[in-house]
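Notes follow the structure.
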Amino acid sequence: MNVEKYSEQEMVNACVSNNRKMQEFLYRKYFQTMLKMVKRYTDDDDEIMSILNNGFLKVFKNIHTFQFAGSLEGWIRKCVYHAMADFFKVKNRIKYDTVELSPEIEKVNADGEQNLFEYDLLKIVDILPQATKTAFKLYAIDGFTHREISEKLGISEGTSKWHVSEARTKLTKILTNQGINNIAYEK
């Protein structure tokens, strides 16, 4: 049975009817695309498979709600993305109390040039604890606000600020220990 000869509507209707062969074909047809998407967020093979399996489980549990308003691939991508977000919310759930910080946001002073390449800096950032690293990357690299980070990770804005501050403190200490002393922060 070649999946390419079936329309999206035929595939969806067969999956709604719990046709296992069509579910397998749908899974195989979109697996590689979804795998590439998930690999952008994690490189751990176990996490990738867990996310993909949960994502496709959501697809098959909810396929009866697909309205044919957009592409089936887009709808599947949305289901897998939500499964991935759920996975990282649970994984990164932090049990810290909210820490209030001053409203002044510290910015790294750009004149601390030390011939460090981006790759070297990212390797140092990867040393940080998972939750702190994630919040710091979202803020400093991806440009998310603390509100967006709090929504994405399921933490409070204060906790997001604390993680970014903690990352800066630890990174400054690591860089200082490596002989890079002129890292300055503006307030």
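The way I read the labels, and the way they are meant: chains A, B, ... in the order of the structure tokens, residue 1 as the first residue of every chain, and ligand 1 as the first ligand shown, with later ones counted on from there.
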
For this session: With a distance cut-off of 10 Å and only C-alpha atoms, select the neighbouring residues of A:Ile51, excluding the residue or stretch itself and same-chain residues fewer than 3 positions from it, and output the selection as a list in words.
Result: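 Listing them by chain and then by number gives Met34, Leu35, Val38, Asp45, Asp46, Glu47, Ile48, Asn54, Gly55, Phe56, Leu57, Val80, Tyr81, His82, Ala83, Met84, Ala85, Asp86, Phe87 and Phe88 of chain A.
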
Include N, CA, C and O atoms and write out the residues we just selected as a short mmCIF file (atom, residue, chain, number, x, y, z; two decimals), in the first residue's frame.
data_model
loop_
_atom_site.label_atom_id
_atom_site.label_comp_id
_atom_site.auth_asym_id
_atom_site.auth_seq_id
_atom_site.Cartn_x
_atom_site.Cartn_y
_atom_site.Cartn_z
N MET A 34 9.25 15.47 11.25
CA MET A 34 9.10 15.80 12.67
C MET A 34 10.40 15.56 13.43
O MET A 34 10.75 16.30 14.34
N LEU A 35 11.14 14.53 13.01
CA LEU A 35 12.44 14.25 13.63
C LEU A 35 13.38 15.44 13.47
O LEU A 35 14.04 15.86 14.42
N VAL A 38 12.36 18.25 15.89
CA VAL A 38 12.70 18.00 17.29
C VAL A 38 14.20 18.06 17.52
O VAL A 38 14.65 18.55 18.56
N ASP A 45 19.00 11.26 22.03
CA ASP A 45 18.17 10.33 21.26
C ASP A 45 16.96 9.84 22.03
O ASP A 45 15.88 9.68 21.46
N ASP A 46 17.12 9.58 23.32
CA ASP A 46 15.98 9.12 24.13
C ASP A 46 14.91 10.20 24.24
O ASP A 46 13.71 9.92 24.14
N GLU A 47 15.34 11.45 24.43
CA GLU A 47 14.39 12.56 24.51
C GLU A 47 13.67 12.73 23.17
O GLU A 47 12.46 12.94 23.13
N ILE A 48 14.42 12.63 22.10
CA ILE A 48 13.84 12.80 20.76
C ILE A 48 12.74 11.76 20.54
O ILE A 48 11.63 12.10 20.11
N ASN A 54 5.23 10.69 21.92
CA ASN A 54 4.13 11.43 22.56
C ASN A 54 3.41 12.32 21.55
O ASN A 54 2.19 12.46 21.60
N GLY A 55 4.18 12.91 20.64
CA GLY A 55 3.58 13.76 19.62
C GLY A 55 2.65 12.99 18.70
O GLY A 55 1.52 13.41 18.42
N PHE A 56 3.11 11.85 18.22
CA PHE A 56 2.26 11.06 17.33
C PHE A 56 1.09 10.44 18.09
O PHE A 56 0.02 10.25 17.52
N LEU A 57 1.27 10.17 19.36
CA LEU A 57 0.15 9.70 20.17
C LEU A 57 -0.93 10.78 20.22
O LEU A 57 -2.13 10.50 20.06
N VAL A 80 3.16 17.77 17.51
CA VAL A 80 4.48 17.34 17.97
C VAL A 80 5.16 18.48 18.73
O VAL A 80 5.80 18.27 19.77
N TYR A 81 4.99 19.71 18.26
CA TYR A 81 5.57 20.85 18.95
C TYR A 81 4.98 20.98 20.36
O TYR A 81 5.72 21.22 21.32
N HIS A 82 3.67 20.80 20.49
CA HIS A 82 3.04 20.87 21.81
C HIS A 82 3.54 19.73 22.71
O HIS A 82 3.74 19.93 23.91
N ALA A 83 3.74 18.55 22.15
CA ALA A 83 4.29 17.44 22.92
C ALA A 83 5.71 17.78 23.39
O ALA A 83 6.09 17.46 24.52
N MET A 84 6.48 18.43 22.53
CA MET A 84 7.83 18.83 22.89
C MET A 84 7.81 19.88 24.00
O MET A 84 8.57 19.81 24.96
N ALA A 85 6.92 20.85 23.87
CA ALA A 85 6.80 21.88 24.91
C ALA A 85 6.40 21.25 26.24
O ALA A 85 6.97 21.60 27.29
N ASP A 86 5.46 20.31 26.21
CA ASP A 86 5.06 19.61 27.43
C ASP A 86 6.24 18.86 28.04
O ASP A 86 6.45 18.88 29.25
N PHE A 87 7.02 18.20 27.19
CA PHE A 87 8.18 17.44 27.66
C PHE A 87 9.16 18.36 28.39
O PHE A 87 9.62 18.06 29.49
N PHE A 88 9.49 19.51 27.78
CA PHE A 88 10.47 20.40 28.39
C PHE A 88 9.91 21.13 29.61
O PHE A 88 10.66 21.45 30.52
#

For this session: Go through A:Glu151, A:Met37, A:Asn177, A:Ala135 one by one, measure the shortest atom-to-atom distance of each to A:Val164 using only C-alpha atoms, and give the residue with the smallest value.
Result: A:Ala135

Exercise. Could you pull the residues within 12 Å of A:Gln32, counting only C-alpha atoms, minus those fewer than 3 positions along the same chain, as an MDAnalysis selection string?
Worked result: chainID A and resid 26:29 35:39 48:49 52 73 77

I need the chosen residues saved as a compact mmCIF listing (two decimals), in the first residue's frame, with N, CA, C and O atoms.
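Done, and the output landed in part35.txt:
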# COMPACT_ATOMS: atom_id res chain seq x y z
N LEU A 26 0.97 6.92 7.93
CA LEU A 26 0.99 8.33 8.29
C LEU A 26 2.22 8.63 9.14
O LEU A 26 2.93 9.62 8.92
N TYR A 27 2.48 7.77 10.10
CA TYR A 27 3.65 7.91 10.98
C TYR A 27 4.93 7.91 10.15
O TYR A 27 5.77 8.78 10.29
N ARG A 28 5.06 6.95 9.26
CA ARG A 28 6.27 6.85 8.43
C ARG A 28 6.41 8.04 7.48
O ARG A 28 7.51 8.52 7.23
N LYS A 29 5.29 8.50 6.95
CA LYS A 29 5.34 9.61 5.99
C LYS A 29 5.86 10.90 6.63
O LYS A 29 6.63 11.64 6.03
N LEU A 35 11.14 14.53 13.01
CA LEU A 35 12.44 14.25 13.63
C LEU A 35 13.38 15.44 13.47
O LEU A 35 14.04 15.86 14.42
N LYS A 36 13.43 16.00 12.27
CA LYS A 36 14.29 17.16 12.02
C LYS A 36 13.88 18.33 12.91
O LYS A 36 14.74 19.05 13.43
N MET A 37 12.58 18.54 13.07
CA MET A 37 12.11 19.64 13.90
C MET A 37 12.56 19.44 15.35
O MET A 37 13.09 20.36 15.97
N VAL A 38 12.36 18.25 15.89
CA VAL A 38 12.70 18.00 17.29
C VAL A 38 14.20 18.06 17.52
O VAL A 38 14.65 18.55 18.56
N LYS A 39 15.00 17.63 16.53
CA LYS A 39 16.46 17.66 16.68
C LYS A 39 17.00 19.08 16.80
O LYS A 39 18.12 19.27 17.26
N ILE A 48 14.42 12.63 22.10
CA ILE A 48 13.84 12.80 20.76
C ILE A 48 12.74 11.76 20.54
O ILE A 48 11.63 12.10 20.11
N MET A 49 13.04 10.51 20.83
CA MET A 49 12.04 9.45 20.60
C MET A 49 10.85 9.60 21.53
O MET A 49 9.71 9.35 21.12
N LEU A 52 8.76 12.43 20.05
CA LEU A 52 8.09 12.00 18.82
C LEU A 52 6.95 11.02 19.11
O LEU A 52 5.86 11.14 18.54
N GLU A 73 0.29 18.15 7.43
CA GLU A 73 1.65 18.23 7.97
C GLU A 73 1.77 19.34 9.00
O GLU A 73 2.38 19.17 10.05
N ARG A 77 2.72 18.87 12.84
CA ARG A 77 3.84 19.65 13.39
C ARG A 77 3.42 20.35 14.68
O ARG A 77 4.14 20.36 15.67

Problem set entry | Pairwise distance for atom CA of A:Glu157 and atom CA of A:Thr42, rounded to one decimal in Å |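 Separation of atom CA of A:Glu157 and atom CA of A:Thr42: 23.7 Å.
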
Exercise. By how many Å are atom CA of A:Val59 and atom CA of A:Cys79 apart?
Worked result: 6.1 Å

For this session: Take atom CA of A:Lys161 and atom CA of A:Val125 and report the distance between them in Å, one decimal.
Result: 16.5 Å

Exercise. Pick the closest to A:Asp120 from A:Ile63, A:Leu175, A:Arg168, A:Trp75: which is it, counting only C-alpha atoms?
Worked result: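 For A:Asp120, the nearest of the candidates is A:Leu175.
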
For this session: Just list the residues in stretch 21-80 of chain A DSSP gives helix (DSSP H, G or I) on the backbone, as a ChimeraX atom specification.
Result: /A:21-39,45-65,72-80

Selected residues written out with C-alpha atoms, as an mmCIF file, in the first residue's frame:
data_model
loop_
_atom_site.group_PDB
_atom_site.id
_atom_site.type_symbol
_atom_site.label_atom_id
_atom_site.label_comp_id
_atom_site.auth_asym_id
_atom_site.auth_seq_id
_atom_site.Cartn_x
_atom_site.Cartn_y
_atom_site.Cartn_z
ATOM 1 C CA LYS A 21 -1.961 0.238 8.568
ATOM 2 C CA MET A 22 -2.896 3.782 7.635
ATOM 3 C CA GLN A 23 -1.707 5.021 11.049
ATOM 4 C CA GLU A 24 1.633 3.347 10.394
ATOM 5 C CA PHE A 25 1.845 4.904 6.922
ATOM 6 C CA LEU A 26 0.986 8.334 8.294
ATOM 7 C CA TYR A 27 3.647 7.908 10.977
ATOM 8 C CA ARG A 28 6.272 6.846 8.433
ATOM 9 C CA LYS A 29 5.337 9.613 5.991
ATOM 10 C CA TYR A 30 5.816 12.430 8.518
ATOM 11 C CA PHE A 31 8.386 10.895 10.866
ATOM 12 C CA GLN A 32 11.526 12.323 9.196
ATOM 13 C CA THR A 33 10.083 15.830 9.002
ATOM 14 C CA MET A 34 9.097 15.800 12.668
ATOM 15 C CA LEU A 35 12.440 14.248 13.632
ATOM 16 C CA LYS A 36 14.288 17.160 12.022
ATOM 17 C CA MET A 37 12.115 19.642 13.900
ATOM 18 C CA VAL A 38 12.696 17.996 17.288
ATOM 19 C CA LYS A 39 16.455 17.662 16.675
ATOM 20 C CA ASP A 45 18.173 10.328 21.256
ATOM 21 C CA ASP A 46 15.981 9.120 24.133
ATOM 22 C CA GLU A 47 14.388 12.559 24.507
ATOM 23 C CA ILE A 48 13.837 12.795 20.759
ATOM 24 C CA MET A 49 12.045 9.445 20.598
ATOM 25 C CA SER A 50 9.990 10.212 23.693
ATOM 26 C CA ILE A 51 8.865 13.531 22.215
ATOM 27 C CA LEU A 52 8.088 12.001 18.824
ATOM 28 C CA ASN A 53 6.146 9.106 20.325
ATOM 29 C CA ASN A 54 4.125 11.428 22.557
ATOM 30 C CA GLY A 55 3.575 13.764 19.623
ATOM 31 C CA PHE A 56 2.264 11.061 17.332
ATOM 32 C CA LEU A 57 0.148 9.697 20.169
ATOM 33 C CA LYS A 58 -1.453 13.155 20.370
ATOM 34 C CA VAL A 59 -1.923 13.075 16.606
ATOM 35 C CA PHE A 60 -3.765 9.759 16.652
ATOM 36 C CA LYS A 61 -5.827 10.620 19.742
ATOM 37 C CA ASN A 62 -6.930 13.938 18.250
ATOM 38 C CA ILE A 63 -6.987 13.286 14.519
ATOM 39 C CA HIS A 64 -10.786 13.378 14.600
ATOM 40 C CA THR A 65 -10.488 17.124 15.346
ATOM 41 C CA LEU A 72 -2.120 17.873 7.598
ATOM 42 C CA GLU A 73 1.647 18.226 7.972
ATOM 43 C CA GLY A 74 1.218 21.613 9.668
ATOM 44 C CA TRP A 75 -1.348 20.171 12.063
ATOM 45 C CA ILE A 76 0.932 17.222 12.884
ATOM 46 C CA ARG A 77 3.844 19.646 13.387
ATOM 47 C CA LYS A 78 1.704 21.610 15.847
ATOM 48 C CA CYS A 79 0.828 18.417 17.791
ATOM 49 C CA VAL A 80 4.484 17.343 17.975
#

Exercise. In terms of the shortest atom-to-atom distance over only C-alpha atoms, which of A:Met11, A:Ile124, A:Val90, A:Ala69 is closest to A:Gln178?
Worked result: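 Under the stated criterion, the closest residue is A:Ile124.
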